[in-house]
$ cat work.cif   # mmCIF, C-alpha atoms
data_coords
loop_
_atom_site.label_atom_id
_atom_site.label_comp_id
_atom_site.auth_asym_id
_atom_site.auth_seq_id
_atom_site.Cartn_x
_atom_site.Cartn_y
_atom_site.Cartn_z
CA MET A 1088 -79.55 73.38 -24.00
CA GLY A 1089 -81.61 76.22 -22.58
CA GLU A 1090 -80.57 79.68 -21.60
CA THR A 1091 -79.88 78.62 -18.05
CA ASP A 1092 -76.79 76.64 -19.12
CA GLY A 1093 -75.26 79.70 -20.84
CA SER A 1094 -75.51 78.50 -24.44
CA GLN A 1095 -76.83 81.93 -25.51
CA ASP A 1096 -74.27 83.93 -23.51
CA SER A 1097 -70.84 85.08 -24.59
CA LEU A 1098 -67.75 83.10 -23.70
CA ARG A 1099 -66.51 85.72 -21.22
CA VAL A 1100 -69.89 85.86 -19.42
CA ASN A 1101 -70.08 82.07 -19.20
CA PHE A 1102 -66.54 81.81 -17.89
CA VAL A 1103 -67.06 84.47 -15.20
CA ARG A 1104 -70.30 82.80 -14.08
CA ALA A 1105 -68.61 79.39 -14.04
CA GLN A 1106 -65.84 80.77 -11.80
CA ARG A 1107 -68.45 82.22 -9.47
CA GLU A 1108 -70.46 78.96 -9.37
CA LEU A 1109 -67.34 76.87 -8.75
CA ARG A 1110 -66.33 79.13 -5.87
CA ALA A 1111 -69.84 78.83 -4.43
CA ILE A 1112 -69.77 75.03 -4.61
CA ASN A 1113 -66.35 74.82 -2.96
CA ASN A 1114 -67.67 76.99 -0.11
CA SER A 1115 -71.06 75.27 0.05
CA GLU A 1116 -72.40 74.02 3.38
CA HIS A 1117 -74.36 71.22 1.74
CA ALA A 1118 -73.08 67.66 1.76
CA SER A 1119 -71.52 66.54 -1.48
CA SER A 1120 -74.16 63.80 -1.86
CA SER A 1121 -77.13 66.10 -1.23
CA GLU A 1122 -79.58 66.90 -4.01
CA GLU A 1123 -78.93 70.64 -3.85
CA TYR A 1124 -75.16 70.17 -4.13
CA GLN A 1125 -75.49 67.75 -7.04
CA LYS A 1126 -77.90 70.10 -8.80
CA GLN A 1127 -75.32 72.89 -8.61
CA ALA A 1128 -72.56 70.53 -9.78
CA ARG A 1129 -74.57 69.37 -12.81
CA HIS A 1130 -75.41 72.95 -13.74
CA LEU A 1131 -71.74 73.89 -13.45
CA VAL A 1132 -70.68 70.98 -15.66
CA GLU A 1133 -73.19 72.01 -18.34
CA ARG A 1134 -71.96 75.62 -18.29
CA LEU A 1135 -68.31 74.56 -18.49
CA ARG A 1136 -69.08 72.24 -21.40
CA VAL A 1137 -70.54 75.22 -23.22
CA CYS A 1138 -67.41 77.24 -22.42
CA ASN A 1139 -65.20 74.40 -23.64
CA THR A 1140 -67.15 74.17 -26.91
CA GLN A 1141 -66.87 77.92 -27.44
CA VAL A 1142 -63.10 77.82 -26.79
CA GLN A 1143 -62.67 74.98 -29.28
CA HIS A 1144 -64.60 76.88 -31.95
CA LEU A 1145 -62.29 79.87 -31.49
CA SER A 1146 -59.10 77.69 -31.57
CA LEU A 1147 -57.46 80.10 -29.15
CA PHE A 1148 -54.35 78.23 -28.06
CA SER A 1149 -51.59 77.52 -30.55
CA SER A 1150 -48.01 76.30 -30.22
CA ASN A 1151 -46.87 79.24 -32.36
CA GLU A 1152 -47.82 81.78 -29.69
CA THR A 1153 -46.65 82.62 -26.18
CA PRO A 1154 -48.61 83.83 -23.14
CA ASP A 1155 -47.57 87.39 -23.98
CA ASP A 1156 -49.53 87.12 -27.24
CA TYR A 1157 -52.81 86.66 -25.35
CA SER A 1158 -54.84 89.18 -23.47
CA THR A 1159 -55.58 88.62 -19.80
CA ASN A 1160 -59.16 87.52 -20.47
CA GLU A 1161 -58.01 85.09 -23.16
CA LEU A 1162 -55.26 83.68 -20.96
CA LYS A 1163 -57.75 82.82 -18.23
CA LEU A 1164 -59.68 80.59 -20.64
CA ILE A 1165 -56.92 77.99 -20.40
CA LEU A 1166 -58.51 77.11 -17.04
CA VAL A 1167 -61.75 75.86 -18.64
CA ASN A 1168 -60.54 72.25 -18.94
CA ALA A 1169 -59.20 72.27 -15.38
CA TYR A 1170 -62.46 73.67 -14.02
CA LEU A 1171 -64.44 71.10 -16.00
CA GLY A 1172 -62.33 68.26 -14.60
CA GLU A 1173 -62.84 69.58 -11.07
CA ALA A 1174 -66.61 69.89 -11.61
CA LEU A 1175 -66.82 66.35 -12.98
CA GLN A 1176 -65.15 65.03 -9.84
CA LYS A 1177 -67.96 66.52 -7.77
CA LEU A 1178 -70.68 64.55 -9.59
CA HIS A 1179 -72.16 61.64 -7.64
CA VAL A 1180 -72.90 58.90 -10.19
CA PRO A 1181 -72.25 55.47 -8.61
CA ASP A 1182 -73.41 53.54 -11.70
CA ASN A 1183 -71.12 55.42 -14.08
CA ARG A 1184 -68.34 56.63 -11.80
CA VAL A 1185 -65.42 55.23 -13.79
CA SER A 1186 -66.35 56.97 -17.05
CA VAL A 1187 -66.89 60.28 -15.23
CA LEU A 1188 -63.49 60.03 -13.55
CA GLU A 1189 -61.81 59.11 -16.82
CA GLU A 1190 -63.41 62.15 -18.47
CA ALA A 1191 -62.18 64.35 -15.61
CA GLN A 1192 -58.71 62.91 -16.00
CA GLU A 1193 -58.80 63.61 -19.73
CA GLN A 1194 -59.82 67.22 -19.08
CA TYR A 1195 -56.86 67.59 -16.73
CA ARG A 1196 -54.55 66.20 -19.38
CA LEU A 1197 -55.91 68.66 -21.94
CA PHE A 1198 -55.29 71.48 -19.47
CA LEU A 1199 -51.70 70.37 -18.94
CA GLY A 1200 -51.28 70.01 -22.71
CA ASN A 1201 -52.43 73.60 -23.23
CA CYS A 1202 -50.06 74.74 -20.50
CA PHE A 1203 -47.26 72.99 -22.35
CA THR A 1204 -48.31 74.65 -25.57
CA LEU A 1205 -48.04 78.09 -23.97
CA GLY A 1206 -44.98 77.21 -21.90
CA THR A 1207 -46.58 78.03 -18.53
CA PHE A 1208 -44.60 75.47 -16.49
CA LYS A 1209 -42.71 77.84 -14.22
CA PRO A 1210 -43.76 76.42 -10.83
CA LEU A 1211 -43.03 72.79 -11.79
CA SER A 1212 -39.79 70.96 -11.33
CA GLU A 1213 -37.57 69.95 -14.24
CA ALA A 1214 -38.66 66.30 -13.97
CA GLU A 1215 -42.34 67.30 -14.10
CA ARG A 1216 -41.67 69.58 -17.03
CA ARG A 1217 -39.97 66.81 -19.02
CA LEU A 1218 -42.76 64.35 -18.28
CA LEU A 1219 -45.54 66.77 -19.21
CA THR A 1220 -43.60 67.82 -22.31
CA ARG A 1221 -43.55 64.20 -23.44
CA HIS A 1222 -47.29 63.97 -22.66
CA ALA A 1223 -48.18 67.03 -24.75
CA GLU A 1224 -46.06 65.85 -27.67
CA SER A 1225 -47.72 62.43 -27.58
CA VAL A 1226 -51.17 64.06 -27.52
CA GLU A 1227 -50.33 66.13 -30.59
CA GLN A 1228 -48.99 63.08 -32.44
CA SER A 1229 -51.84 60.80 -31.21
CA THR A 1230 -49.37 58.13 -30.13
CA PRO A 1231 -49.82 55.68 -27.23
CA SER A 1232 -46.60 56.87 -25.61
CA ALA A 1233 -48.35 59.44 -23.42
CA PRO A 1234 -47.40 59.02 -19.77
CA SER A 1235 -50.10 57.76 -17.50
CA ALA A 1236 -51.47 59.75 -14.61
CA LYS A 1237 -49.54 57.48 -12.27
CA ALA A 1238 -46.26 58.34 -14.00
CA ILE A 1239 -47.05 62.06 -13.76
CA ILE A 1240 -47.79 61.77 -10.06
CA GLN A 1241 -44.67 59.71 -9.35
CA ALA A 1242 -42.57 62.48 -10.87
CA SER A 1243 -44.38 65.20 -8.94
CA ALA A 1244 -44.81 63.51 -5.58
CA GLY A 1245 -41.35 64.48 -4.38
CA LYS A 1246 -38.63 62.35 -2.90
CA GLY A 1247 -39.68 62.59 0.70
CA ARG A 1248 -41.69 64.18 3.39
CA ASN A 1249 -39.72 67.42 3.27
CA ASP A 1250 -40.51 67.85 -0.42
CA LYS A 1251 -44.22 67.38 0.23
CA ILE A 1252 -44.14 69.89 3.07
CA ALA A 1253 -42.31 72.42 0.91
CA ARG A 1254 -44.81 71.85 -1.88
CA TYR A 1255 -47.74 72.39 0.47
CA LYS A 1256 -46.21 75.59 1.88
CA GLN A 1257 -45.62 76.88 -1.63
CA MET A 1258 -49.27 76.26 -2.56
CA ARG A 1259 -50.41 78.06 0.60
CA ALA A 1260 -48.18 81.00 -0.26
CA MET A 1261 -49.60 81.12 -3.79
CA GLN A 1262 -53.15 81.06 -2.43
CA GLN A 1263 -52.28 83.95 -0.12
CA GLU A 1264 -50.84 85.94 -3.01
CA ILE A 1265 -53.96 85.29 -5.10
CA ALA A 1266 -56.16 86.47 -2.22
CA GLU A 1267 -54.14 89.68 -1.91
CA LEU A 1268 -54.38 90.30 -5.65
CA GLU A 1269 -58.15 89.75 -5.56
CA THR A 1270 -58.37 92.27 -2.74
CA LYS A 1271 -56.47 94.83 -4.80
CA LEU A 1272 -58.75 94.18 -7.78
CA SER A 1273 -61.89 94.64 -5.69
CA LEU A 1274 -60.55 97.85 -4.15
CA GLY A 1275 -59.51 99.14 -7.56
CA ASP A 1276 -62.97 98.48 -8.99
CA SER A 1277 -64.74 100.16 -6.09
CA ALA A 1278 -62.46 103.22 -6.12
CA LYS A 1279 -62.53 103.46 -9.92
CA SER A 1280 -58.82 104.11 -10.05
CA GLU A 1281 -57.57 106.30 -12.84
CA ASN A 1282 -54.35 104.31 -13.19
CA ASP A 1283 -55.73 101.62 -15.47
CA GLU A 1284 -52.30 100.32 -16.42
CA ASP A 1285 -51.49 99.34 -12.85
CA MET A 1286 -54.80 97.52 -12.53
CA ASP A 1287 -54.15 95.70 -15.79
CA GLU A 1288 -50.81 94.50 -14.44
CA VAL A 1289 -52.47 93.33 -11.22
CA GLU A 1290 -55.15 91.50 -13.19
CA ARG A 1291 -52.51 89.92 -15.43
CA GLU A 1292 -50.49 88.76 -12.44
CA HIS A 1293 -53.67 87.38 -10.88
CA ALA A 1294 -54.43 85.31 -14.01
CA VAL A 1295 -50.88 83.91 -14.15
CA LYS A 1296 -50.99 83.00 -10.44
CA LEU A 1297 -54.32 81.20 -10.94
CA ILE A 1298 -52.83 79.09 -13.73
CA ASP A 1299 -49.68 78.31 -11.73
CA LEU A 1300 -51.72 77.24 -8.70
CA LYS A 1301 -54.08 75.17 -10.83
CA ILE A 1302 -51.15 73.25 -12.33
CA TYR A 1303 -50.12 72.22 -8.82
CA GLN A 1304 -53.67 71.22 -7.89
CA VAL A 1305 -54.27 69.29 -11.11
CA VAL A 1306 -51.09 67.25 -10.73
CA ASP A 1307 -52.16 66.35 -7.18
CA ASP A 1308 -55.78 65.62 -8.16
CA MET A 1309 -54.71 63.21 -10.88
CA SER A 1310 -53.18 61.00 -8.20
CA ALA A 1311 -56.47 60.83 -6.32
CA ILE A 1312 -58.36 60.14 -9.55
CA SER A 1313 -56.06 57.25 -10.45
CA ASP A 1314 -56.60 55.64 -7.04
CA GLU A 1315 -60.36 56.17 -7.20
CA ILE A 1316 -60.58 54.72 -10.70
CA ALA A 1317 -58.75 51.59 -9.55
CA MET A 1318 -61.12 51.18 -6.58
CA ALA A 1319 -64.20 51.88 -8.71
CA LYS A 1320 -63.15 49.23 -11.23
CA GLN A 1321 -62.65 46.73 -8.43
CA MET A 1322 -66.13 47.48 -7.10
CA GLU A 1323 -67.64 47.05 -10.56
CA GLU A 1324 -65.83 43.71 -10.96
CA MET A 1325 -67.14 42.55 -7.58
CA LYS A 1326 -70.69 43.57 -8.53
CA ARG A 1327 -70.37 41.75 -11.85
CA ARG A 1328 -69.15 38.56 -10.18
CA THR A 1329 -71.91 38.78 -7.57
CA SER A 1330 -74.59 39.20 -10.22
CA GLU A 1331 -73.18 36.30 -12.24
CA SER A 1332 -73.15 34.12 -9.11
CA VAL A 1333 -76.75 35.03 -8.28
CA SER A 1334 -77.91 34.40 -11.84
CA GLY A 1335 -76.02 31.09 -11.88
CA ASP A 1336 -77.71 30.01 -8.64
CA ALA A 1337 -81.09 30.98 -10.09
CA ARG A 1338 -80.44 28.90 -13.21
CA THR A 1339 -79.38 25.95 -11.05
CA ALA A 1340 -82.56 26.24 -9.00
CA ASP A 1341 -84.64 26.37 -12.18
CA ARG A 1342 -82.95 23.25 -13.50
CA ALA A 1343 -83.57 21.45 -10.20
CA HIS A 1344 -87.22 22.47 -10.31
CA GLU A 1345 -87.56 21.24 -13.87
CA SER A 1346 -85.84 17.94 -13.07
CA ASP A 1347 -88.44 17.03 -10.43
CA TRP A 1348 -90.88 15.78 -13.08
CA GLN A 1349 -88.31 14.28 -15.50
CA LEU A 1350 -87.94 10.51 -15.35
CA ASP A 1351 -84.26 10.40 -16.24
CA SER A 1352 -83.19 13.80 -14.86
CA ASP A 1353 -80.50 12.41 -12.54
CA LEU A 1354 -79.41 9.46 -14.65
CA SER A 1355 -76.99 11.52 -16.74
CA ARG A 1356 -74.94 12.16 -13.59
CA GLN A 1357 -75.06 8.62 -12.15
CA ILE A 1358 -72.40 5.91 -12.47
CA ASP A 1359 -73.23 2.20 -12.47
CA PRO A 1360 -71.17 0.65 -9.63
CA ARG A 1361 -71.05 -2.70 -11.39
CA THR A 1362 -69.63 -1.49 -14.68
CA GLY A 1363 -68.14 1.90 -13.62
CA GLN A 1364 -69.76 3.52 -16.62
CA GLN A 1365 -72.35 6.27 -16.90
CA VAL A 1366 -75.95 5.10 -16.64
CA ARG A 1367 -77.76 5.18 -19.95
CA PRO A 1368 -80.84 7.42 -20.24
CA ILE A 1369 -84.20 5.76 -20.07
CA PHE A 1370 -85.37 7.15 -23.40
CA ASP A 1371 -83.55 7.72 -26.64
CA LYS A 1372 -83.89 10.79 -28.87
CA ASN A 1373 -87.03 9.38 -30.44
CA GLY A 1374 -88.74 8.83 -27.07
CA ARG A 1375 -88.45 5.03 -27.08
CA PRO A 1376 -87.40 3.31 -23.81
CA THR A 1377 -83.90 1.85 -23.86
CA ARG A 1378 -84.23 -0.31 -20.72
CA PRO A 1379 -86.75 -1.29 -18.03
CA PHE A 1380 -87.49 1.38 -15.42
CA VAL A 1381 -89.65 1.99 -12.38
CA ILE A 1382 -91.65 5.20 -12.10
CA THR A 1383 -90.93 6.93 -8.79
CA ASN A 1384 -90.23 10.40 -7.50
CA ASN A 1385 -88.94 12.24 -4.49
CA ARG A 1386 -92.26 11.89 -2.71
CA GLN A 1387 -91.77 8.17 -2.23
CA ARG A 1388 -88.25 8.65 -0.91
CA ILE A 1389 -89.45 11.30 1.54
CA LYS A 1390 -92.37 9.09 2.56
CA ASP A 1391 -90.04 6.16 3.30
CA GLY A 1392 -88.00 8.33 5.63
CA VAL A 1393 -90.88 9.80 7.65
CA PHE A 1394 -90.79 7.32 10.53
CA ARG A 1395 -87.02 6.91 10.59
CA PRO A 1396 -85.01 8.49 13.42
CA GLY A 1397 -83.41 11.85 12.79
CA TRP A 1398 -79.91 10.59 13.63
CA ALA A 1399 -77.58 8.21 11.82
CA LEU A 1400 -78.12 4.57 12.80
CA PRO A 1401 -75.14 2.24 13.45
CA THR A 1402 -74.07 0.06 10.57
CA MET A 1403 -72.08 -2.54 12.57
CA THR A 1404 -71.66 -3.88 16.09
CA VAL A 1405 -68.78 -2.97 18.42
CA ASP A 1406 -67.20 -6.41 17.96
CA GLU A 1407 -67.34 -6.02 14.17
CA TYR A 1408 -65.73 -2.58 14.44
CA LEU A 1409 -62.91 -3.87 16.66
CA GLU A 1410 -62.33 -6.81 14.33
CA GLN A 1411 -62.15 -4.41 11.38
CA GLU A 1412 -59.68 -2.15 13.20
CA LYS A 1413 -57.57 -5.17 14.11
CA GLU A 1414 -57.41 -6.20 10.45
CA ARG A 1415 -56.26 -2.69 9.56
CA GLY A 1416 -53.46 -2.93 12.12
CA ASN A 1417 -54.79 -0.20 14.40
CA ILE A 1418 -54.87 -2.49 17.48
CA ILE A 1419 -51.58 -3.65 19.02
CA SER A 1420 -51.66 -7.12 20.59
CA GLY A 1421 -49.03 -9.20 22.41
CA GLY A 1422 -46.06 -7.53 24.14
CA GLY A 1423 -42.86 -8.39 26.04
CA LYS A 1424 -42.28 -10.71 29.00
CA GLU A 1425 -44.25 -9.86 32.10
CA PRO A 1426 -42.12 -8.84 35.12
CA ASP A 1427 -41.56 -11.40 37.87
CA PRO A 1428 -43.81 -11.00 40.90
CA LYS A 1429 -42.21 -9.32 43.95
CA PRO A 1430 -41.12 -11.97 46.44
CA GLU A 1431 -42.86 -11.92 49.78
CA ILE A 1432 -40.76 -11.40 52.91
CA ASN A 1433 -40.76 -14.18 55.48
CA ASP A 1434 -42.18 -13.04 58.80
CA ASN A 1435 -39.38 -14.86 60.64
CA ASP A 1436 -36.64 -13.00 58.71
CA HIS A 1437 -36.21 -10.03 61.08
CA GLU A 1438 -33.28 -8.56 59.17
CA ALA A 1439 -35.28 -8.44 55.93
CA LEU A 1440 -38.23 -6.91 57.75
CA ASP A 1441 -36.01 -4.26 59.37
CA ALA A 1442 -34.42 -3.44 55.99
CA GLU A 1443 -37.86 -3.03 54.37
CA THR A 1444 -39.00 -0.83 57.26
CA MET A 1445 -35.92 1.43 56.94
CA LYS A 1446 -36.46 1.66 53.22
CA GLN A 1447 -40.04 2.85 53.74
CA ARG A 1448 -38.91 5.38 56.38
CA ASP A 1449 -36.25 6.77 54.06
CA TRP A 1450 -38.84 7.13 51.33
CA ASP A 1451 -41.21 8.93 53.70
CA ASN A 1452 -38.44 11.31 54.76
CA PHE A 1453 -37.59 12.01 51.13
CA LYS A 1454 -41.21 12.86 50.34
CA ASP A 1455 -41.35 15.18 53.37
CA ASP A 1456 -38.21 17.01 52.23
CA ASN A 1457 -39.35 17.10 48.60
CA PRO A 1458 -43.08 17.84 48.34
CA ARG A 1459 -44.90 16.76 45.23
CA GLY A 1460 -44.35 19.22 42.37
CA TRP A 1461 -41.67 21.20 44.21
CA GLY A 1462 -39.14 20.78 41.44
CA ASN A 1463 -41.53 21.72 38.64
CA ARG A 1464 -40.98 25.36 37.70
CA GLY A 1465 -44.28 27.19 37.65
CA GLY A 1466 -46.15 24.19 38.98
CA SER A 1467 -48.37 23.88 42.03
CA ARG A 1468 -46.37 24.87 45.12
CA GLY A 1469 -49.25 24.92 47.62
#
$ encode --input "work.cif" --output "structure tokens"
Amino acid sequence: MGETDGSQDSLRVNFVRAQRELRAINNSEHASSSEEYQKQARHLVERLRVCNTQVQHLSLFSSNETPDDYSTNELKLILVNAYLGEALQKLHVPDNRVSVLEEAQEQYRLFLGNCFTLGTFKPLSEAERRLLTRHAESVEQSTPSAPSAKAIIQASAGKGRNDKIARYKQMRAMQQEIAELETKLSLGDSAKSENDEDMDEVEREHAVKLIDLKIYQVVDDMSAISDEIAMAKQMEEMKRRTSESVSGDARTADRAHESDWQLDSDLSRQIDPRTGQQVRPIFDKNGRPTRPFVITNNRQRIKDGVFRPGWALPTMTVDEYLEQEKERGNIISGGGKEPDPKPEINDNDHEALDAETMKQRDWDNFKDDNPRGWGNRGGSRG
């Protein structure tokens, strides 16, 4: 690395510059996918990697020590892994997104492990503390029993909406306290206060508040990372299946193109209707013909169909179709006895004629009183 990434600078200088660059990126007006934003994010990741390497060489954090054993500047260095995980999340690498997210998640876990080592779990609940304690112990022992990010988030998500609101308000209050402490530090530096002990206490409190707030943010960010990793893996699986499908179609097209000039290209997939067995190839392995054959190709088949109509021609007459349907039992024939014809009334039978006339009048009156469709609910009533 060159000098621009901070490899030649001291750990304290690199860390202060990384904090300043991270603050600038978070307040940047550029879109996260813009070239300028990504350039700043890559530069920040390189600087934080240098800081992380320098911290590892010093072996600062040990389970035998407490936060009181560290100076304020040394205590702030516990944030290097958290800052690196946050910077990695800002990188836009569609082709390698899963590995970047997994690295960011690992940096967050290292940060939480260091917090466990120093015992800086004051703002977390007892359930979160137990879960992260188990995580740190599993990391030290290199066992697969470390809780997943999903398990950590389930313990920290709260039991309901009220818990989430309270958690959000607490984070806002912590951010306000940090802003007030930063204001005091800036005023103290500008006024060059003689009371250095008070300023040291303010700076110490500011460092502790930063770590406490970052624990909250990391636990929340791990939930988003877990969801994004799952979606990214699904997208990669879809791309893989799509590429395999496209390559398979290309291979099929190549085989079809090659089979155009092969004499027995389609015979391996044909079945002899007389025997029900697969048709033997025309040539054996030595190139000798196994049966008589006629040389032809698709051109002849296309040529034979040039002057044929473009629609399907009938294969039987209407009478043949009806006869076939009748054999299948789809046509019902026969039936019951036909009703007797209505007897005609004799013109000389006046009583019968009068009765028929009254019957017709009654029917006409009924139709006048009951129009057609009147009894059908929702029917035509016009």
$ atom_distance --input "work.cif" --atom1 "CA of Asp1427 in chain A" --atom2 "CA of Met1445 in chain A"
23.7 Å
$ axis_aligned_box --input "work.cif" --around "range 1442-1445 of chain A" --padding-each-side "5 Å" --output "JSON"
{"center_x": -36.7, "center_y": -1.0, "center_z": 55.8, "size_x": 14.6, "size_y": 14.9, "size_z": 12.9}
$ resolve_selection --input "work.cif" --expression "the PyMOL selection byres ((chain A and resi 1170) around 9)" --output "VMD selection string"
chain A and resid 1105 to 1106 1109 1132 1135 1166 to 1169 1171 to 1175 1194 to 1195
$ closest_residue --input "work.cif" --among "A:His1293, A:Lys1177, A:Arg1110, A:Lys1320" --to "Thr1159 in chain A" --atoms "all atoms listed in the file"
A:His1293
$ atom_distance --input "work.cif" --atom1 "CA of Val1137 in chain A" --atom2 "CA of Glu1190 in chain A"
15.6 Å
$ atom_distance --input "work.cif" --atom1 "CA of Asp1449 in chain A" --atom2 "CA of Glu1425 in chain A"
28.7 Å
$ residues_near_point --input "work.cif" --point "(-55.9, 77.5, -30.2)" --cutoff "12 Å" --atoms "only C-alpha atoms" --output "list in words"
Asn1139, Gln1141, Val1142, Gln1143, His1144, Leu1145, Ser1146, Leu1147, Phe1148, Ser1149, Ser1150, Asn1151, Glu1152, Thr1153, Pro1154, Asp1156, Tyr1157, Glu1161, Leu1162, Leu1164, Ile1165, Gly1200, Asn1201, Cys1202, Thr1204 and Leu1205 of chain A
$ write_last_selection --input "work.cif" --atoms "C-alpha atoms" --output "PDB file, keeping the file's coordinate frame"
ATOM      1  CA  ASN A1139     -65.200  74.400 -23.640  1.00  0.00           C
ATOM      2  CA  GLN A1141     -66.870  77.920 -27.440  1.00  0.00           C
ATOM      3  CA  VAL A1142     -63.100  77.820 -26.790  1.00  0.00           C
ATOM      4  CA  GLN A1143     -62.670  74.980 -29.280  1.00  0.00           C
ATOM      5  CA  HIS A1144     -64.600  76.880 -31.950  1.00  0.00           C
ATOM      6  CA  LEU A1145     -62.290  79.870 -31.490  1.00  0.00           C
ATOM      7  CA  SER A1146     -59.100  77.690 -31.570  1.00  0.00           C
ATOM      8  CA  LEU A1147     -57.460  80.100 -29.150  1.00  0.00           C
ATOM      9  CA  PHE A1148     -54.350  78.230 -28.060  1.00  0.00           C
ATOM     10  CA  SER A1149     -51.590  77.520 -30.550  1.00  0.00           C
ATOM     11  CA  SER A1150     -48.010  76.300 -30.220  1.00  0.00           C
ATOM     12  CA  ASN A1151     -46.870  79.240 -32.360  1.00  0.00           C
ATOM     13  CA  GLU A1152     -47.820  81.780 -29.690  1.00  0.00           C
ATOM     14  CA  THR A1153     -46.650  82.620 -26.180  1.00  0.00           C
ATOM     15  CA  PRO A1154     -48.610  83.830 -23.140  1.00  0.00           C
ATOM     16  CA  ASP A1156     -49.530  87.120 -27.240  1.00  0.00           C
ATOM     17  CA  TYR A1157     -52.810  86.660 -25.350  1.00  0.00           C
ATOM     18  CA  GLU A1161     -58.010  85.090 -23.160  1.00  0.00           C
ATOM     19  CA  LEU A1162     -55.260  83.680 -20.960  1.00  0.00           C
ATOM     20  CA  LEU A1164     -59.680  80.590 -20.640  1.00  0.00           C
ATOM     21  CA  ILE A1165     -56.920  77.990 -20.400  1.00  0.00           C
ATOM     22  CA  GLY A1200     -51.280  70.010 -22.710  1.00  0.00           C
ATOM     23  CA  ASN A1201     -52.430  73.600 -23.230  1.00  0.00           C
ATOM     24  CA  CYS A1202     -50.060  74.740 -20.500  1.00  0.00           C
ATOM     25  CA  THR A1204     -48.310  74.650 -25.570  1.00  0.00           C
ATOM     26  CA  LEU A1205     -48.040  78.090 -23.970  1.00  0.00           C
TER      27      LEU A1205
END
$ resolve_selection --input "work.cif" --expression "the PyMOL selection byres ((chain A and resi 1258) around 12)" --output "PyMOL selection string"
chain A and resi 1210-1211+1251-1257+1259-1265+1296-1297+1299-1304+1307
$ resolve_selection --input "work.cif" --expression "the PyMOL selection byres ((chain A and resi 1124) around 12)" --output "short mmCIF file (atom, residue, chain, number, x, y, z; two decimals) with C-alpha atoms, in the frame of the given file"
data_model
loop_
_atom_site.label_atom_id
_atom_site.label_comp_id
_atom_site.auth_asym_id
_atom_site.auth_seq_id
_atom_site.Cartn_x
_atom_site.Cartn_y
_atom_site.Cartn_z
CA GLU A 1108 -70.46 78.96 -9.37
CA LEU A 1109 -67.34 76.87 -8.75
CA ALA A 1111 -69.84 78.83 -4.43
CA ILE A 1112 -69.77 75.03 -4.61
CA ASN A 1113 -66.35 74.82 -2.96
CA ASN A 1114 -67.67 76.99 -0.11
CA SER A 1115 -71.06 75.27 0.05
CA GLU A 1116 -72.40 74.02 3.38
CA HIS A 1117 -74.36 71.22 1.74
CA ALA A 1118 -73.08 67.66 1.76
CA SER A 1119 -71.52 66.54 -1.48
CA SER A 1120 -74.16 63.80 -1.86
CA SER A 1121 -77.13 66.10 -1.23
CA GLU A 1122 -79.58 66.90 -4.01
CA GLU A 1123 -78.93 70.64 -3.85
CA GLN A 1125 -75.49 67.75 -7.04
CA LYS A 1126 -77.90 70.10 -8.80
CA GLN A 1127 -75.32 72.89 -8.61
CA ALA A 1128 -72.56 70.53 -9.78
CA ARG A 1129 -74.57 69.37 -12.81
CA HIS A 1130 -75.41 72.95 -13.74
CA LEU A 1131 -71.74 73.89 -13.45
CA ALA A 1174 -66.61 69.89 -11.61
CA LYS A 1177 -67.96 66.52 -7.77
CA LEU A 1178 -70.68 64.55 -9.59
CA HIS A 1179 -72.16 61.64 -7.64
#
